[in-house]
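Visitor: The structure follows.
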Amino acid sequence: MEKIVEVKNLELSFHTFAGEVKAIQGVNFEVFKGETLAIVGESGSGKSVTTKSIMRLLPKSSTEYKKGEILFGGKDLLKISESEMQKVRGKDISMIFQDPMTSLNPTMTIGKQIMEPLLKHQKLSKSDAWNKSIELLALVGMPQPEMRMKQYPHQFSGGQRQRIVIAVALACNPKLLIADEPTTALDVTIQAQILELMKDLQKKIDTSIIFITHDLGVVANVADRVAVMYGGRIVEVGTVDEIFYNPQHPYTWGLLSSMPSLDAGEEKLYAIPGTPPDLLAPPKGDAFALRSEYAMKIDMEQVPPLFKVSDTHYAATWLLHPDAPQVDPPAAVIERMKRFPGSRYHVGIAGGDR
Amino acid sequence: MAKYVTKRVIYMFLSLFLIASFTFVLMKMLPGSPLASAAKLSVEQREVVYEKYGLNDPIPVQYIRYMGNLAKGDFGVSFQYKSADVTTLIVKKLKYSAILGTQAIVFGTIIGIVLGMIAALKQNTVWDYGSTIIAILGISIPSFVFAVLLQYVFAVKLEWLPVGLWEGWKSSILPSIALAMGPIAIAARFIRTEMIEVLSSDYILLAKAKGANWFEIAFKHAFRNALIPLVTVLGPVAAGLLTGSLVVEQIFAVPGIGEQFVKSIATNDFAIIMGTTMFFSVFLIVIILIVDILYGVIDPRIRLSGGSK
């Protein structure tokens with residue numbers, strides 16, 4: 001499969017008054033053509049920072065790229081000039097942000113805002129750009145697009161504004177679309193509509209998507225593959241089935257156990273104890289060790305490498321080391337793993353028939 | 001829009017009526033009389049003059065007569081100058097003040113916006129600190145200090161420009177610059193603060209993500225949004241400039257309205273006091289109306305629909 005973007009060993013720090021925040025500490029991943037990669041993790045785990053560094057949208061004054069490369073179309077995006085980067089942004093890579101209420105310019109008609117990338121990158125004439133924008137608005141499901149072109153953002157609802165932002169992002173048929181929690185600020189019914197729209201459009205224009213979220217329900221709905229981030233590292237990556245039904249990292253176990261489900265009984269919803277690590281002074285070994293009941297001595301001393309589970313599935317936990325003791329994940333996770341062929345708890349047809 | 005403006009104009013006349021009434025009452029409470037300095041007049045002569053100008057009538061009668069004339073656009077005649085019609089007097093003097101004020105506000109706003117933009121785009125650099133220092137000086141040093149300084153350097157020492165009086169447009173340059181220092185400082189500070197805030201907003205990030213360069217971001221996306229608060233403060237600043245240039249006018253011996261106003265109060269020249277007050281009020285109200293309309297032009301969220309819909 002063709003790799004659209006490849007992030008290699010990215011290390012990045014922010015310089016703040018309090019000191020150096022090691023926000024990203026060696027992140028590797030790639031996005032294939034036409035797929036959706038979901039990046040999940042709690043606030044401060046480095047999801048947004050990773051994707052903003054692909055777009056180079058982080059504040060120049062405080063950000064230091066320490067190591068690594070971001071390969072896109074044969075070029076390292078961290079090495080090209082700002083004006084070359086401007087030609088990539090909005091054309092080859094676009095972005096959708098979290099809050100549609102604030103991400104459109106309040107004093108500019110939405111028509112102008114949609115036309116902007118068309119005029120800039122595709123060098124269309126004004127009237128062509130105008131017609132293309134109307135098409136885009138229709139494509140994202142906006143009724144009466146001609147009339148709506150002349151209106152301002154405050155005349156639209158939150159869901160409609162997110163549709164407009166999507167239209168802007170898709171204007172130049174980008175190869176990669178980065179969606180930074182695009183549904184978090186919307187209510188649930190609108191969320192579902194926007195997700196359907198994104199899936200639908202992805203098929204139509206054949207773009208790859210990096211979908212950042214902390215909502216595992218959304219992940220299950222949209223993603224092909226999932227990367228779980230914690231403390232500035234990717235701790236587990238795999239296909240959506242592998243992550244949901246054969247998770248290996250204790251943090252992923254914690255995430256899945258803390259997901260409410262309709263068939264759960266009266267028992268209390270699980271919550272991962274403790275707080276995220278302080279990246280001003282990152283812990284020495286596995287950043288999750290202090291919050292994990294499965295932590296071993298080595299977790300406090302050495303950062304675990306990514307162990308291979310399958311060709312598509314890797315997890316950074318010492319539990320996968322051949323010398324590690326066998327531990328049982330939480331009960332809820334075992335229930336899930338029973339359904340996954342290839343997991344050690346799998347209940348096949350032979351064992352599972354009644 | 002038309003409906004809105006009509007409504008505002010009606011309110012404007014109501015405000016003017018109230019201002020006129022209030023000023024009339026206050027003025028009648030002032031001690032002294034217009035004839036205080038004319039000590040040579042005998043009591044009988046005084047009576048004749050009072051009678052002629054209707055100053056012996058009870059105050060309510062004077063009030064109704066005055067308001068009646070005012071409604072017809074007649075501001076009466078000055079007591080200071082021989083049979084001088086107040087309207088002509090004010091218009092003649094207002095011309096100079098208006099030229100100074102308009103030049104100062106236009107020049108000051110443009111320079112202030114440029115300084116503020118530079119400061120915001122080059123935040124925490126020498127440019128930013130330089131613009132901040134200019135703004136602090138502009139706010140803290142009164143305009144008459146600048147006036148004296150400019151007069152000394154450019155008129156007395158270098159002899160580039162006239163020292164004072166009104167000898168055509170050249171005479172307006174130095175007082176206009178002195179008056180512009182305040183607006184420069186205010187515009188620079190407001191634009192800087194607002195630009196910095198706007199530049200960190202989500203829609204600017206989206207504009208960047210669309211591939212916009214710094215110029216498009218600063219001028220196409222950020223500037224208009226940063227302008228809104230400035231419009232609010234500039235209205236009153238403009239009114240203050242046009243009316244409050246008294247000291248600077250004195251320094252440059254410009255025969256403007258400020259000088260006229262103070263003289264009329266000192267001599268109890270009721271007709272001029274009333275006339276000037278009314279002129280200033282109309283002016284301020286019109287500026288506020290313009291500001292409100294400008295809001296709608298700049299920010300579509302405040303577009304005025306006159307209450308309907």
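Naming scheme: A, B, ... for chains in displayed order of the structure tokens; residues 1 onward per chain; ligands 1 onward as shown.
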Starting from chain A, keep only residues with some atom at most 6 Å from an atom of chain B, counting only C-alpha atoms, and report them as number ranges by chain.

Guide: A: 86, 89-90, 102-105, 107, 117

Visitor: Give me the residues within 6 Å of A:Val27 as a ChimeraX atom specification, counting only C-alpha atoms and dropping any in the same chain fewer than 3 places off.

Guide: /A:9-10,233

Visitor: Write a file of the selected residues as an mmCIF file, in the first residue's frame, keeping N, CA and C atoms.

Guide:
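File result.cif, as written:
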```
data_model
loop_
_atom_site.group_PDB
_atom_site.id
_atom_site.type_symbol
_atom_site.label_atom_id
_atom_site.label_comp_id
_atom_site.auth_asym_id
_atom_site.auth_seq_id
_atom_site.Cartn_x
_atom_site.Cartn_y
_atom_site.Cartn_z
ATOM 1 N N ASN A 9 10.293 8.815 14.054
ATOM 2 C CA ASN A 9 11.057 9.155 15.255
ATOM 3 C C ASN A 9 10.978 10.644 15.617
ATOM 4 N N LEU A 10 9.763 11.181 15.587
ATOM 5 C CA LEU A 10 9.582 12.614 15.850
ATOM 6 C C LEU A 10 9.766 12.930 17.334
ATOM 7 N N ARG A 233 4.063 9.544 23.517
ATOM 8 C CA ARG A 233 4.512 8.393 22.722
ATOM 9 C C ARG A 233 3.304 7.620 22.230
#
```

Visitor: Extract, using only C-alpha atoms, all DNA, RNA and protein residues at most 12 Å from B:Ser15, discarding same-chain residues fewer than 3 positions from it, and format them as a compact mmCIF listing (two decimals) with C-alpha atoms, in the first residue's frame.

Guide:
```
# COMPACT_ATOMS: atom_id res chain seq x y z
CA ARG B 8 -31.71 57.34 15.62
CA VAL B 9 -32.31 60.80 14.17
CA ILE B 10 -35.53 61.11 16.18
CA TYR B 11 -33.64 60.13 19.33
CA MET B 12 -31.01 62.66 18.35
CA LEU B 18 -32.85 67.73 26.75
CA ILE B 19 -29.32 69.07 26.43
CA ALA B 20 -30.60 72.49 25.44
CA SER B 21 -33.02 72.63 28.37
CA PHE B 22 -30.44 71.46 30.86
CA MET B 278 -25.58 72.82 20.87
CA SER B 281 -23.78 68.12 21.15
CA VAL B 282 -24.91 67.73 17.56
CA LEU B 284 -20.95 64.23 19.35
CA ILE B 285 -24.31 62.64 18.62
CA VAL B 286 -23.59 62.48 14.90
```

Visitor: Just want the 7 Å neighbourhood of A:Lys175, counted on only C-alpha atoms, with same-chain residues fewer than 3 positions away dropped. Output as a PyMOL selection string.

Guide: chain A and resi 92-93+207-208

Visitor: Run DSSP on the backbone of this structure and report the residues of stretch 226-279 of chain A it assigns to helix (DSSP H, G or I), as a PDB file with N, CA and C atoms, in the first residue's frame.

Guide:
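Generated output (part_14.pdb):
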```pdb
ATOM      1  N   VAL A 240      -8.375  -1.505  13.830  1.00  0.00           N
ATOM      2  CA  VAL A 240      -9.411  -1.184  14.805  1.00  0.00           C
ATOM      3  C   VAL A 240      -9.856  -2.439  15.570  1.00  0.00           C
ATOM      4  N   ASP A 241      -9.912  -3.584  14.875  1.00  0.00           N
ATOM      5  CA  ASP A 241     -10.286  -4.828  15.556  1.00  0.00           C
ATOM      6  C   ASP A 241      -9.232  -5.249  16.568  1.00  0.00           C
ATOM      7  N   GLU A 242      -7.987  -5.112  16.160  1.00  0.00           N
ATOM      8  CA  GLU A 242      -6.905  -5.507  17.064  1.00  0.00           C
ATOM      9  C   GLU A 242      -6.899  -4.673  18.339  1.00  0.00           C
ATOM     10  N   ILE A 243      -7.134  -3.373  18.176  1.00  0.00           N
ATOM     11  CA  ILE A 243      -7.113  -2.506  19.354  1.00  0.00           C
ATOM     12  C   ILE A 243      -8.336  -2.755  20.233  1.00  0.00           C
ATOM     13  N   PHE A 244      -9.485  -2.976  19.622  1.00  0.00           N
ATOM     14  CA  PHE A 244     -10.695  -3.139  20.424  1.00  0.00           C
ATOM     15  C   PHE A 244     -10.831  -4.550  20.999  1.00  0.00           C
ATOM     16  N   TYR A 245     -10.346  -5.562  20.254  1.00  0.00           N
ATOM     17  CA  TYR A 245     -10.614  -6.929  20.702  1.00  0.00           C
ATOM     18  C   TYR A 245      -9.372  -7.705  21.115  1.00  0.00           C
ATOM     19  N   PRO A 250      -1.488  -1.998  28.943  1.00  0.00           N
ATOM     20  CA  PRO A 250      -2.371  -1.729  30.092  1.00  0.00           C
ATOM     21  C   PRO A 250      -3.145  -0.417  29.941  1.00  0.00           C
ATOM     22  N   TYR A 251      -2.572   0.568  29.260  1.00  0.00           N
ATOM     23  CA  TYR A 251      -3.303   1.826  29.081  1.00  0.00           C
ATOM     24  C   TYR A 251      -4.513   1.620  28.175  1.00  0.00           C
ATOM     25  N   THR A 252      -4.328   0.860  27.110  1.00  0.00           N
ATOM     26  CA  THR A 252      -5.456   0.559  26.227  1.00  0.00           C
ATOM     27  C   THR A 252      -6.518  -0.227  26.992  1.00  0.00           C
ATOM     28  N   TRP A 253      -6.071  -1.150  27.849  1.00  0.00           N
ATOM     29  CA  TRP A 253      -7.030  -1.882  28.693  1.00  0.00           C
ATOM     30  C   TRP A 253      -7.845  -0.905  29.519  1.00  0.00           C
ATOM     31  N   GLY A 254      -7.109   0.069  30.112  1.00  0.00           N
ATOM     32  CA  GLY A 254      -7.787   1.062  30.952  1.00  0.00           C
ATOM     33  C   GLY A 254      -8.804   1.861  30.146  1.00  0.00           C
ATOM     34  N   LEU A 255      -8.402   2.276  28.947  1.00  0.00           N
ATOM     35  CA  LEU A 255      -9.308   3.061  28.101  1.00  0.00           C
ATOM     36  C   LEU A 255     -10.566   2.267  27.778  1.00  0.00           C
ATOM     37  N   LEU A 256     -10.367   1.004  27.373  1.00  0.00           N
ATOM     38  CA  LEU A 256     -11.518   0.188  26.967  1.00  0.00           C
ATOM     39  C   LEU A 256     -12.400  -0.131  28.162  1.00  0.00           C
ATOM     40  N   SER A 257     -11.778  -0.335  29.337  1.00  0.00           N
ATOM     41  CA  SER A 257     -12.587  -0.645  30.523  1.00  0.00           C
ATOM     42  C   SER A 257     -13.390   0.559  30.972  1.00  0.00           C
TER      43      SER A 257
END
```

Visitor: How many Å separate atom CA of A:Asp328 from atom CA of A:Glu236?

Guide: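 Spanning atom CA of A:Asp328 to atom CA of A:Glu236 is a straight-line distance of 17.7 Å.
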
Visitor: Nearest residue to B:Ser131 out of B:Ala104, B:Ile113, B:Ala188, B:Ala218, using only C-alpha atoms?

Guide: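 When distances to B:Ser131 are compared using only C-alpha atoms, the smallest one comes from B:Ala188.
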
Visitor: What is the distance, in Å and to one decimal place, between atom CA of A:Met142 and atom CA of A:Ala167?

Guide: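 Taking atom CA of A:Met142 and atom CA of A:Ala167, their separation equals 9.9 Å.
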
Visitor: Taking only C-alpha atoms into account, name the residue in A:Lys47, A:Lys268, A:Lys284, A:Lys8 that is nearest to A:Val228.

Guide: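 Among the listed residues, A:Lys47 lies closest to A:Val228.
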
Visitor: Residues within 8 Å of A:Ile96, please, as a ChimeraX atom specification. Count only C-alpha atoms; anything in the same chain fewer than 3 positions from it doesn't count.

Guide: /A:165-166,169,177-180,182 /B:206

Visitor: Need to verify the contact set: A:Val226, 12 Å, only C-alpha atoms, exclusion of same-chain residues closer than 2 positions in sequence. Can you return it as a PyMOL selection string?

Guide: chain A and resi 29-31+35-41+209-214+216+218-224+228-229+234-244+247+252+312-315

Visitor: Taking only C-alpha atoms into account, which of B:Phe154, B:Phe215, B:Tyr129, B:Phe279 comes nearest B:Arg189?

Guide: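 The shortest atom-to-atom distance to B:Arg189 comes from B:Tyr129.
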
Visitor: In Å, with one decimal, what is the gap from atom CA of B:Leu150 to atom CA of B:Trp169?

Guide: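 It comes out at 16.4 Å.
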
Visitor: What lies within 6 Å of B:Ala178 using only C-alpha atoms, ignoring chain neighbours under 4 positions off, as a VMD selection string?

Guide: chain B and resid 143 146 to 147
